[in-house]
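Scroll down for the structure; my scribbles are underneath it.
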Amino acid sequence: MPGSHLTKELQPLMAQLDLKRDNDKQAEATVQKAQPTCRQRAKARFLKGVSYFSGDMAVFAKWMEKQFFLFQLLDWVLRGAAQVMFVNNPLSGLIIFAGLILQNYWWALNGFVGTLFATISALILRQNRGAIAAGLYGYNGILVGLLMAVFSNAGNWYWWLLLPNIFMSMMCPVVSSALASINSRWDLPVFTLPFNILVCLHMVATGHYNHHFPQVLIQPRTELPNITWEEIDLAKLFMSVPVGIGQVYGCDNPWTGGIFIISLFISSPITCAHAVLGSTIGMLSGLALAAPFGAIYFGLWGYNCVLACIAIGGMFYALTWQVHLLAITCGFFCAYLGSAIANIMSAFGLPACTWPFCLSALTFLLITTETNKIFKLPLAKVNYPEKNLCFFWKMKKQEKQEKLEEERKTKEQKAIEEGMILNEKEELSLNLSAMEEGNTTQIVTAPEAESEQRDTGEEQTTEDYPTDETNANLV
Amino acid sequence: MPGSHLTKELQPLMAQLDLKRDNDKQAEATVQKAQPTCRQRAKARFLKGVSYFSGDMAVFAKWMEKQFFLFQLLDWVLRGAAQVMFVNNPLSGLIIFAGLILQNYWWALNGFVGTLFATISALILRQNRGAIAAGLYGYNGILVGLLMAVFSNAGNWYWWLLLPNIFMSMMCPVVSSALASINSRWDLPVFTLPFNILVCLHMVATGHYNHHFPQVLIQPRTELPNITWEEIDLAKLFMSVPVGIGQVYGCDNPWTGGIFIISLFISSPITCAHAVLGSTIGMLSGLALAAPFGAIYFGLWGYNCVLACIAIGGMFYALTWQVHLLAITCGFFCAYLGSAIANIMSAFGLPACTWPFCLSALTFLLITTETNKIFKLPLAKVNYPEKNLCFFWKMKKQEKQEKLEEERKTKEQKAIEEGMILNEKEELSLNLSAMEEGNTTQIVTAPEAESEQRDTGEEQTTEDYPTDETNANLV
Amino acid sequence: MPGSHLTKELQPLMAQLDLKRDNDKQAEATVQKAQPTCRQRAKARFLKGVSYFSGDMAVFAKWMEKQFFLFQLLDWVLRGAAQVMFVNNPLSGLIIFAGLILQNYWWALNGFVGTLFATISALILRQNRGAIAAGLYGYNGILVGLLMAVFSNAGNWYWWLLLPNIFMSMMCPVVSSALASINSRWDLPVFTLPFNILVCLHMVATGHYNHHFPQVLIQPRTELPNITWEEIDLAKLFMSVPVGIGQVYGCDNPWTGGIFIISLFISSPITCAHAVLGSTIGMLSGLALAAPFGAIYFGLWGYNCVLACIAIGGMFYALTWQVHLLAITCGFFCAYLGSAIANIMSAFGLPACTWPFCLSALTFLLITTETNKIFKLPLAKVNYPEKNLCFFWKMKKQEKQEKLEEERKTKEQKAIEEGMILNEKEELSLNLSAMEEGNTTQIVTAPEAESEQRDTGEEQTTEDYPTDETNANLV
């Protein structure tokens with residue numbers, strides 16, 4: 001289907017979807033506008049160009065399938081890096097790695113090693129090739145690698161750290177696969193749960209007082225922090241929005257956060273918008289719950305809300321206004337949960353990781369409701385928000401058509417039934433006349449009547465009625 | 001079915017069930033007692049009167065459906081208040097609110113706000129209207145509202161508390177719906193898990209050292225308490241039974257507890273009896289596990305056992321002697337679990353809430369056994385214990401009848417089959433005689449045999465092969 | 001099937017499986033070797049003797065069914081004691097009790113009481129008789145009894161301890177049954193989760209500062225331990241392997257561990273090998289993660305890995321080289337997890353119990369993969385590793401045969417279809433010639449054509465074609 005392929009290429013962006021609908025309308029009244037203007041053609045060419053590197057870069061992925069294995073692996077690793085933000089796009093992944101390098105060379109290296117070995121481990125464990133190629137086995141790896149480096153107390157370039165890093169990132173597909181077995185019962189994704197489990201595992205198994213792999217010291221709050229509203233720094237507060245997005249990867253550099261925003265935008269503007277919205281919600285929640293300003297500036301209140309807002313707002317639900325409100329609610333709930341989990345985890349010397357995001361997003365994905373405005377996509381159909389919307393609209397259209405079709409059919413069915421009753425009456429009168437004629441015909445019609453009786457007894461194949469009658473008429 | 005409706009009205013109380021059985025017996029021998037005596041009529045009238053405000057007040061609920069929306073909402077809120085104790089009765093709810101007001105105005109207000117907003121939120125989220133009308137979305141709200149006020153360290157009439165109160169109670173239906181998606185796989189209720197999750201969330205997210213919403217300080221026990229059996233105060237120990245029931249709503253006033261007992265009794269005596277039994281079990285367990293007397297007097301050992309005993313003893317299982325023993329065992333297990341969870345939660349500055357009840361009741365509801373004396377009701381059929389018993393007895397009766405019916409049928413089937421064999425034999429002899437007569441008949445019997453073959457051949461049976469062959473041979 | 005029974009008797013050991021395969025080969029070429037040599041007969045007799053007390057002692061179990069109830073109960077208790085190591089063998093159970101007595105009389109008594117009451121409670125709760133007879137309700141009981149005695153701070157022969165011991169071991173079947181309801185959805189066993197839950201429950205409910213049931217004091221590590229590689233004691237390190245196996249039952253005596261190894265060997269050499277392997281893996285992990293030497297010598301790093309290695313390596317997966325590597329990976333993961341859980345639990349004054357084993361083994365059992373070299377046995381078919389292998393090989397053989405059979409069938413089907421087409425052509429020509437002859441035949445063929453039409457419409461019963469044709473031909 002080269003045609004459908006073309007439309008697929010043309011649909012990656014929200015703006016284009018509207019265009020596409022226009023195209024449909026045009027198609028209905030094709031002939032008049034056979035020759036597009038120069039400007040239209042330029043626009044179409046531009047959009048096609050955009051489609052090559054936005055969305056999930058499906059054309060590129062197809063092209064990659066025929067390339068050398070190491071190139072493919074690199075593609076998967078880059079997609080894995082971007083999948084942390086639910087983005088299946090190697091270009092975004094590349095930009096994210098650039099942001100990481102800007103933050104810290106050692107962390108970026110650990111992140112790369114993590115993604116690489118997680119992907120390799122998935123290959124060894126013979127996981128689904130499509131999922132590997134979409135980077136779905138890499139994103140936990142990059143987080144494991146990065147955060148193990150971030151929380152290590154041994155300083156940068158402590159090469160021994162690569163050992164547990166490789167072990168833990170190779171455990172990612174194992175834990176992912178196991179969790180997927182459970183979550184798939186409710187058609188839920190595993191999110192970053194494997195990362196949360198494995199990093200917490202490593203940190204609490206070693207702890208601050210370990211000779212080989214010491215962790216930074218995290219302790220529970222035990223006294224009243226000093227918060228006065230006069231001390232608030234609005235510039236820093238404003239900066240906390242990109243910093244919050246950067247903290248998804250454990251980065252506190254606002255420029256890194258800004259680069260991440262760009263990487264989101266080129267793949268999916270809806271995702272990008274919800275990321276910024278989420279980070280803002282987290283910051284506001286921090287102020288409402290009287291959090292120390294330092295933690296807010298550092299983006300610790302933002303990153304979970306960023307992920308939760310992206311997940312609910314268009315990624316796993318089809319984006320409608322109701323879903324948008326749900327995403328905002330989920331953001332606030334996630335911020336609350338973030339504070340709670342951070343306090344609990346600190347009792348064990350652990351950071352909150354992305355547990356709050358996972359738990360709040362899973363909760364909001366488990367909701368059942370009687371309205372059809374909140375439509376949860378089947379997990380197998382989840383793509384990027386713009387494509388999800390296409391799927392949702394197409395499905396709605398189809399449903400409508402099916403309804404109409406059904407109505408038409410029931411009408412036809414009625415007509416046929418009425419016709420059949422007429423036929424049967426006719427037949428009966430024929431039989432009556434035949435009976436008057438003689439005995440031989442009677443013998444023939446008798447088994448036929450029988451067979452009719454049987455046919456109806458068969459329960460599902462009644463379409464051969466007319467033929468039977470034709471036969472009878474022939475006789 | 002006006003008749004069945006009438007019996008429904010007449011059955012809300014345990015005492016009446018016996019009466020009803022008597023009625024059934026009387027019905028069997030109707031004619032003699034056509035004219036009930038004056039006393040019988042008075043009793044019937046009294047029981048019908050009782051039925052209007054006991055049980056789940058189904059008549060009232062039906063009448064309410066046609067009333068103004070705000071009255072309906074009030075009905076739902078009152079039912080929600082009573083549903084904490086599994087009681088679906090607005091009168092009980094009203095009495096419970098009276099008990100709360102007796103305890104503390106501010107707490108009662110918070111409880112009311114919590115129930116109201118939880119119900120409203122369920123309406124916004126388009127949850128099942130029947131469940132909302134039964135108060136199933138309100139009971140977590142009242143607990144959230146009450147307990148957030150009880151554990152707040154900011155004192156009474158700290159109006160800002162209403163903000164998180166409203167937010168958290170509006171999150172109740174979200175968490176309820178999500179948990180129901182999980183628990184429904186095992187046909188389990190969500191109990192008060194949403195309340196537990198949300199109150200713990202709020203408390204641990206803010207904590208004792210918070211500027212906006214400080215919580216009371218709860219710390220783990222770190223030294224040997226002084227317990228000497230001489231110091232025991234038997235009056236207080238006796239009082240701890242109603243106090244334990246009051247503590248379900250966080251109230252330590254024994255009078256409030258007493259009022260709650262009354263509210264339970266008017267709806268369902270079985271529930272009431274198990275509540276008192278549970279509180280006693282909790283108190284005894286506290287003594288056995290060497291708990292500080294203060295905690296026992298304060299009812300902290302009772303409230304979880306109260307709920308666990310009610311849930312197992314007749315609410316989700318049909319009440320038999322075996323189930324009654326199971327409820328007692330569950331009570332002791334719940335008390336043990338309560339002590340354990342209280343110790344763990346205190347490490348995070350949290351109270352035990354009703355986690356022990358939820359976990360122990362869920363455990364006991366998950367048991368599978370090969371005896372039919374322990375019958376778990378399908379969740380959709382759960383009502384109040386007396387009605388559940390009716391359902392159980394009716395089901396047993398029906399099963400018996402079905403068994404008898406089946407036996408009768410198999411006998412008939414046998415008779416028919418024997419008859420058919422006779423018929424076939426007859427037919428065969430007919431065919432034989434026909435064969436002797438001439439060719440015309442042959443033409444008729446051939447397709448008929450065929451059709452027979454097809455009839456039996458449809459669906460799965462091919463045993464008529466021999467008959468065909470017989471025919472063929474005959475031909 | 002006395003023959004299959006015989007082969008069952010002959011297959012309990014790995015060594016014999018090879019022999020059996022040899023036997024199969026011999027069976028194919030039976031006649032030549034009709035008279036086995038004297039040595040072969042001796043070997044067969046020896047193997048049959050071995051089979052009586054190795055494996056799951058199925059012959060003995062069958063014989064036991066007819067004995068006095070108390071003897072049966074003793075059999076179940078002994079099997080329960082061995083089931084901790086997944087061994088369903090009363091002799092192993094007896095040897096394990098011997099090892100326990102060697103360690104500590106009081107502990108052994110508590111273990112016996114625990115197993116006994118857990119089994120009795122399962123009988124009261126009407127659990128599956130087969131599972132009870134296999135000791136599947138006893139193994140949690142023995143662990144509960146033993147570990148409650150081990151962690152009690154009241155010293156040996158504190159008789160009051162028997163009260164919570166009996167209560168908790170009687171709760172084992174309740175918790176087992178509830179957990180099985182959940183885990184069975186994923187076809188997973190409950191492992192020692194009931195023991196973990198109940199012992200932690202008891203310990204945290206009472207705690208170190210309890211008057212009636214004080215527990216040993218366990219506190220989190222808060223400073224740097226002194227570890228210098230010069231101090232390492234290789235003899236103790238070597239000894240830690242049997243000690244690690246002994247620690248499964250909470251025993252630190254290396255001789256007890258050695259006795260346990262023997263008890264494993266007589267039932268299943270594969271299990272025994274994986275137990276030793278697991279203990280070694282645990283010890284190495286402890287060194288890698290810079291654990292205090294004392295903890296390693298004491299076997300605390302070993303016992304979880306022992307159980308995890310046994311479970312994955314042949315017990316719930318059919319043993320292949322890939323599964324063997326998986327078991328080793330699981331061992332390392334389990335050790336890591338063990339350190340993490342021990343650190344977390346110590347914050348509540350709790351030991352790690354066998355949580356690490358349960359969680360790691362469940363994770364590795366939940367993996368799904370596209371390779372058929374990692375075959376998870378259906379839970380109902382799980383036996384001891386050697387028998388599981390038999391099942392796996394038999395299944396593979398059957399699959400191969402079925403494939404061949406299917407291929408053969410499709411070929412035959414094709415042939416038949418071709419024949420039928422020929423037949424139909426023939427029939428048509430017959431009809432044509434008949435039509436030329438006269439009218440009477442027409443009457444016959446008409447209903448027949450009808451029937452054909454219907455037959456094909458039925459889609460699933462096409463076997464009557466030949467008969468029809470026979471009729472047609474006859475006519």
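To be explicit about the labels: the chains of the structure tokens are called A, B, and onward in the order shown, and within each one the residues are counted from 1, while ligands get numbers from 1 in the order they are shown.
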Open item on the list: List the spatial neighbours of stretch 321-333 of chain C as an NGL selection string - criterion: any atom at most 8 Å away, only C-alpha atoms, same-chain residues fewer than 2 positions off excluded.
Closed with: :C and (278 or 281-282 or 285 or 305-306 or 308-310 or 312-314 or 317-319 or 335-337 or 360-361 or 364 or 373-374)
With N, CA and C atoms kept, could you save the residues just selected as an mmCIF file, in the first residue's frame?
data_model
loop_
_atom_site.group_PDB
_atom_site.id
_atom_site.type_symbol
_atom_site.label_atom_id
_atom_site.label_comp_id
_atom_site.auth_asym_id
_atom_site.auth_seq_id
_atom_site.Cartn_x
_atom_site.Cartn_y
_atom_site.Cartn_z
ATOM 1 N N GLY C 278 24.842 -22.235 44.270
ATOM 2 C CA GLY C 278 24.200 -21.023 44.776
ATOM 3 C C GLY C 278 24.943 -20.458 45.975
ATOM 4 N N ILE C 281 28.055 -18.756 44.813
ATOM 5 C CA ILE C 281 27.742 -17.468 44.170
ATOM 6 C C ILE C 281 27.482 -16.398 45.224
ATOM 7 N N GLY C 282 26.722 -16.757 46.242
ATOM 8 C CA GLY C 282 26.419 -15.815 47.307
ATOM 9 C C GLY C 282 27.687 -15.324 47.984
ATOM 10 N N SER C 285 29.572 -12.938 45.744
ATOM 11 C CA SER C 285 28.887 -11.645 45.670
ATOM 12 C C SER C 285 29.169 -10.818 46.909
ATOM 13 N N CYS C 305 20.676 -17.353 47.731
ATOM 14 C CA CYS C 305 21.179 -17.774 46.419
ATOM 15 C C CYS C 305 20.998 -19.279 46.249
ATOM 16 N N VAL C 306 21.179 -20.031 47.327
ATOM 17 C CA VAL C 306 20.955 -21.478 47.283
ATOM 18 C C VAL C 306 19.560 -21.764 46.755
ATOM 19 N N ALA C 308 17.414 -19.724 45.264
ATOM 20 C CA ALA C 308 17.145 -19.155 43.938
ATOM 21 C C ALA C 308 17.743 -20.042 42.855
ATOM 22 N N CYS C 309 18.977 -20.519 43.075
ATOM 23 C CA CYS C 309 19.642 -21.368 42.086
ATOM 24 C C CYS C 309 18.881 -22.678 41.903
ATOM 25 N N ILE C 310 18.429 -23.260 43.000
ATOM 26 C CA ILE C 310 17.664 -24.507 42.887
ATOM 27 C C ILE C 310 16.382 -24.265 42.100
ATOM 28 N N ILE C 312 15.460 -21.894 39.931
ATOM 29 C CA ILE C 312 15.581 -21.601 38.498
ATOM 30 C C ILE C 312 16.282 -22.749 37.770
ATOM 31 N N GLY C 313 17.291 -23.317 38.410
ATOM 32 C CA GLY C 313 18.115 -24.321 37.748
ATOM 33 C C GLY C 313 17.495 -25.704 37.736
ATOM 34 N N GLY C 314 16.441 -25.887 36.997
ATOM 35 C CA GLY C 314 15.899 -27.221 36.803
ATOM 36 C C GLY C 314 14.586 -27.494 37.498
ATOM 37 N N TYR C 317 12.129 -24.400 35.621
ATOM 38 C CA TYR C 317 12.485 -24.420 34.201
ATOM 39 C C TYR C 317 13.079 -25.794 33.912
ATOM 40 N N ALA C 318 12.893 -26.276 32.695
ATOM 41 C CA ALA C 318 13.572 -27.511 32.308
ATOM 42 C C ALA C 318 15.040 -27.188 32.095
ATOM 43 N N LEU C 319 15.928 -27.997 32.688
ATOM 44 C CA LEU C 319 17.352 -27.673 32.703
ATOM 45 C C LEU C 319 17.993 -27.814 31.327
ATOM 46 N N ALA C 335 21.769 -12.243 45.299
ATOM 47 C CA ALA C 335 22.725 -11.795 46.318
ATOM 48 C C ALA C 335 22.656 -10.279 46.472
ATOM 49 N N TYR C 336 22.631 -9.592 45.338
ATOM 50 C CA TYR C 336 22.499 -8.134 45.321
ATOM 51 C C TYR C 336 21.232 -7.728 46.072
ATOM 52 N N LEU C 337 20.128 -8.364 45.683
ATOM 53 C CA LEU C 337 18.840 -8.081 46.283
ATOM 54 C C LEU C 337 18.873 -8.394 47.779
ATOM 55 N N SER C 360 13.556 -12.539 43.711
ATOM 56 C CA SER C 360 14.397 -12.748 42.527
ATOM 57 C C SER C 360 13.891 -13.937 41.724
ATOM 58 N N ALA C 361 13.500 -15.011 42.402
ATOM 59 C CA ALA C 361 13.029 -16.189 41.671
ATOM 60 C C ALA C 361 11.723 -15.873 40.939
ATOM 61 N N PHE C 364 12.556 -13.918 37.845
ATOM 62 C CA PHE C 364 13.123 -14.729 36.764
ATOM 63 C C PHE C 364 12.107 -15.726 36.204
ATOM 64 N N LYS C 373 14.523 -22.583 24.199
ATOM 65 C CA LYS C 373 15.501 -23.276 25.047
ATOM 66 C C LYS C 373 15.214 -23.011 26.514
ATOM 67 N N ILE C 374 14.445 -21.961 26.780
ATOM 68 C CA ILE C 374 14.082 -21.645 28.160
ATOM 69 C C ILE C 374 12.612 -21.996 28.299
#
Open item on the list: Set the distance at 8 Å and use only C-alpha atoms: which residues neighbour B:Pro214 once local chain neighbours fewer than 3 positions away are removed? I'd like the list as a ChimeraX atom specification.
Closed with: /B:152-154,206-211
- [ ] One decimal, Å: what's the distance from atom CA of C:Leu284 over to atom CA of C:Gly246, could you say?
- [x]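 The value is 17.4 Å.
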Please provide as a PDB file with all heavy atoms, in the first residue's frame all residues within 9 Å of A:Met85, with the sequence filter that same-chain residues fewer than 4 positions apart are discarded (counting only C-alpha atoms).
ATOM      1  N   ALA A  81      17.584   6.230  24.280  1.00  0.00           N
ATOM      2  CA  ALA A  81      17.854   7.436  25.074  1.00  0.00           C
ATOM      3  C   ALA A  81      16.659   8.375  25.064  1.00  0.00           C
ATOM      4  O   ALA A  81      16.341   9.005  26.076  1.00  0.00           O
ATOM      5  CB  ALA A  81      19.091   8.140  24.525  1.00  0.00           C
ATOM      6  N   TYR A 139      15.708   2.468  27.367  1.00  0.00           N
ATOM      7  CA  TYR A 139      15.519   3.665  28.182  1.00  0.00           C
ATOM      8  C   TYR A 139      15.751   3.418  29.669  1.00  0.00           C
ATOM      9  O   TYR A 139      16.200   4.304  30.388  1.00  0.00           O
ATOM     10  CB  TYR A 139      14.146   4.304  27.929  1.00  0.00           C
ATOM     11  CG  TYR A 139      12.942   3.539  28.399  1.00  0.00           C
ATOM     12  CD1 TYR A 139      12.394   3.782  29.649  1.00  0.00           C
ATOM     13  CD2 TYR A 139      12.326   2.604  27.600  1.00  0.00           C
ATOM     14  CE1 TYR A 139      11.282   3.110  30.081  1.00  0.00           C
ATOM     15  CE2 TYR A 139      11.209   1.922  28.024  1.00  0.00           C
ATOM     16  CZ  TYR A 139      10.695   2.174  29.271  1.00  0.00           C
ATOM     17  OH  TYR A 139       9.592   1.500  29.699  1.00  0.00           O
ATOM     18  N   VAL A 248      14.858  14.804  34.621  1.00  0.00           N
ATOM     19  CA  VAL A 248      14.408  13.483  34.192  1.00  0.00           C
ATOM     20  C   VAL A 248      15.620  12.583  33.961  1.00  0.00           C
ATOM     21  O   VAL A 248      15.604  11.391  34.251  1.00  0.00           O
ATOM     22  CB  VAL A 248      13.558  13.595  32.909  1.00  0.00           C
ATOM     23  CG1 VAL A 248      13.275  12.231  32.325  1.00  0.00           C
ATOM     24  CG2 VAL A 248      12.272  14.337  33.194  1.00  0.00           C
ATOM     25  N   LEU A 264      12.433  17.275  22.316  1.00  0.00           N
ATOM     26  CA  LEU A 264      11.034  16.842  22.382  1.00  0.00           C
ATOM     27  C   LEU A 264      10.224  17.487  21.271  1.00  0.00           C
ATOM     28  O   LEU A 264       9.392  16.855  20.630  1.00  0.00           O
ATOM     29  CB  LEU A 264      10.417  17.211  23.739  1.00  0.00           C
ATOM     30  CG  LEU A 264      10.933  16.477  24.958  1.00  0.00           C
ATOM     31  CD1 LEU A 264      10.231  16.979  26.200  1.00  0.00           C
ATOM     32  CD2 LEU A 264      10.735  14.980  24.800  1.00  0.00           C
ATOM     33  N   THR A 271       3.892  16.464  23.112  1.00  0.00           N
ATOM     34  CA  THR A 271       4.743  15.973  24.196  1.00  0.00           C
ATOM     35  C   THR A 271       5.511  17.123  24.821  1.00  0.00           C
ATOM     36  O   THR A 271       5.581  17.253  26.052  1.00  0.00           O
ATOM     37  CB  THR A 271       5.735  14.927  23.640  1.00  0.00           C
ATOM     38  OG1 THR A 271       4.994  13.858  23.074  1.00  0.00           O
ATOM     39  CG2 THR A 271       6.639  14.404  24.720  1.00  0.00           C
ATOM     40  N   ALA A 275       5.363  18.502  28.628  1.00  0.00           N
ATOM     41  CA  ALA A 275       6.568  18.463  29.463  1.00  0.00           C
ATOM     42  C   ALA A 275       6.733  19.777  30.206  1.00  0.00           C
ATOM     43  O   ALA A 275       6.950  19.801  31.428  1.00  0.00           O
ATOM     44  CB  ALA A 275       7.794  18.163  28.602  1.00  0.00           C
ATOM     45  N   VAL A 306       6.675  16.109  34.900  1.00  0.00           N
ATOM     46  CA  VAL A 306       6.938  16.153  33.463  1.00  0.00           C
ATOM     47  C   VAL A 306       6.535  14.825  32.825  1.00  0.00           C
ATOM     48  O   VAL A 306       5.743  14.778  31.880  1.00  0.00           O
ATOM     49  CB  VAL A 306       8.438  16.418  33.206  1.00  0.00           C
ATOM     50  CG1 VAL A 306       8.797  16.139  31.754  1.00  0.00           C
ATOM     51  CG2 VAL A 306       8.800  17.850  33.572  1.00  0.00           C
ATOM     52  N   LEU A 307       7.060  13.749  33.373  1.00  0.00           N
ATOM     53  CA  LEU A 307       6.795  12.432  32.800  1.00  0.00           C
ATOM     54  C   LEU A 307       5.320  12.056  32.925  1.00  0.00           C
ATOM     55  O   LEU A 307       4.719  11.524  31.986  1.00  0.00           O
ATOM     56  CB  LEU A 307       7.668  11.378  33.487  1.00  0.00           C
ATOM     57  CG  LEU A 307       9.166  11.489  33.192  1.00  0.00           C
ATOM     58  CD1 LEU A 307       9.965  10.559  34.096  1.00  0.00           C
ATOM     59  CD2 LEU A 307       9.435  11.154  31.732  1.00  0.00           C
ATOM     60  N   ILE A 310       3.238  14.018  30.357  1.00  0.00           N
ATOM     61  CA  ILE A 310       3.422  13.498  28.998  1.00  0.00           C
ATOM     62  C   ILE A 310       2.644  12.194  28.837  1.00  0.00           C
ATOM     63  O   ILE A 310       1.939  11.992  27.847  1.00  0.00           O
ATOM     64  CB  ILE A 310       4.918  13.256  28.699  1.00  0.00           C
ATOM     65  CG1 ILE A 310       5.700  14.564  28.703  1.00  0.00           C
ATOM     66  CG2 ILE A 310       5.077  12.556  27.361  1.00  0.00           C
ATOM     67  CD1 ILE A 310       7.194  14.378  28.535  1.00  0.00           C
ATOM     68  N   ALA A 311       2.774  11.303  29.844  1.00  0.00           N
ATOM     69  CA  ALA A 311       2.173   9.971  29.733  1.00  0.00           C
ATOM     70  C   ALA A 311       0.659  10.051  29.624  1.00  0.00           C
ATOM     71  O   ALA A 311       0.039   9.380  28.801  1.00  0.00           O
ATOM     72  CB  ALA A 311       2.580   9.114  30.921  1.00  0.00           C
TER      73      ALA A 311
END
- [ ] Could you give me, as a list in words, the residues within 12 Å of A:Glu65, counting only C-alpha atoms and dropping anything in the same chain fewer than 4 positions from it?
- [x] Ala58, Val59, Phe60, Ala61, Phe69, Leu70, Phe71, Gln72, Leu73, Asp75, Trp76, Arg129, Gly130 and Ala133 of chain A
Open item on the list: Pairing the C-alpha atoms in order and superposing chain B on chain A, what is the resulting RMSD?
Closed with: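 Once chain B is fitted onto chain A, the C-alpha RMSD works out to 2.9 Å.
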Open item on the list: Please check the contacts: residues of chain A at most 7 Å away from chain C, using only C-alpha atoms, listed as a ChimeraX atom specification.
Closed with: /A:125-127,174-175,177-178,181,201,204-206,209-212,348,468
- [ ] Using DSSP on the backbone coordinates, identify all residues within stretch 31-203 of chain B classified as helix (DSSP H, G or I); present the result as a PyMOL selection string.
- [x] chain B and resi 31-33+38-53+58-64+69-83+90-103+105-124+129-133+139-150+159-186+193-203
Open item on the list: Calculated over only C-alpha atoms, which of the candidates C:Pro351, C:Gly419, C:Gly257, C:Gly244 has the smallest distance to C:Gly302?
Closed with: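 Among C:Pro351, C:Gly419, C:Gly257, C:Gly244, it is C:Gly244 that comes nearest to C:Gly302.
The shell of residues at most 12 Å from B:Phe167, with only C-alpha atoms counted and near chain neighbours (fewer than 6 positions) removed, consists of Thr329, Cys330, Phe332, Phe333 and Tyr336 of chain A; Val113, Gly114, Thr115, Leu116, Phe117, Ala118, Ile120, Ser121, Gly141, Val144, Gly145, Met148, Trp160, Leu161, Pro173, Val174, Leu198, Val199 and His202 of chain B.
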Go ahead and save the residues from that selection, with C-alpha atoms, as a compact mmCIF listing (two decimals), in the first residue's frame.
# COMPACT_ATOMS: atom_id res chain seq x y z
CA THR A 329 -4.75 16.55 37.85
CA CYS A 330 -2.29 13.70 37.48
CA PHE A 332 -0.61 17.63 40.92
CA PHE A 333 -1.19 14.16 42.33
CA TYR A 336 2.13 15.24 46.13
CA VAL B 113 -16.74 18.06 53.22
CA GLY B 114 -14.71 14.94 52.41
CA THR B 115 -17.79 12.81 51.70
CA LEU B 116 -19.42 15.55 49.67
CA PHE B 117 -16.45 16.23 47.42
CA ALA B 118 -15.62 12.56 46.96
CA ILE B 120 -19.07 15.03 43.48
CA SER B 121 -15.75 13.93 42.04
CA GLY B 141 -13.99 10.61 51.46
CA VAL B 144 -9.94 11.12 54.43
CA GLY B 145 -11.64 14.28 55.68
CA MET B 148 -6.72 14.56 57.99
CA TRP B 160 -6.52 26.13 55.09
CA LEU B 161 -6.75 22.42 55.85
CA PRO B 173 -12.77 8.08 43.23
CA VAL B 174 -9.64 8.11 41.05
CA LEU B 198 -4.38 9.09 50.38
CA VAL B 199 -4.14 9.92 54.08
CA HIS B 202 -0.82 13.57 52.68
Open item on the list: Rounded to one decimal, what separation in Å do you get between atom CA of B:Phe191 and atom CA of B:Met64?
Closed with: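 According to the coordinates, atom CA of B:Phe191 and atom CA of B:Met64 are separated by 26.0 Å.
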Task: Spatial neighbours of stretch 93-110 of chain C, 9 Å, only C-alpha atoms, chain gap at least 2 places, as a PyMOL selection string - done: chain C and resi 75+77-83+87-91+112-115+142+144-150+156-157+161-162+165+246+249+251-253+255-260+262-263
TODO: Measure the distance from atom CA of B:Phe46 to atom CA of B:Asn388 in Å and round it to one decimal.
DONE: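 The value is 22.7 Å.
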Open item on the list: Ranking B:Gly138, B:Pro254, B:Pro385, B:Pro242 by minimum distance to B:Thr320 and counting only C-alpha atoms, which one comes first?
Closed with: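 Checking each of B:Gly138, B:Pro254, B:Pro385, B:Pro242 against B:Thr320, counting only C-alpha atoms, the winner is B:Pro385.
Neighbours of C:Val276 closer than or equal to 8 Å, with only C-alpha atoms counted and sequence neighbours fewer than 3 positions away skipped, come out as Val241, Pro242, Ile245, Ile261, Cys272, Ala273, Ser279, Thr280 and Val306 of chain C.
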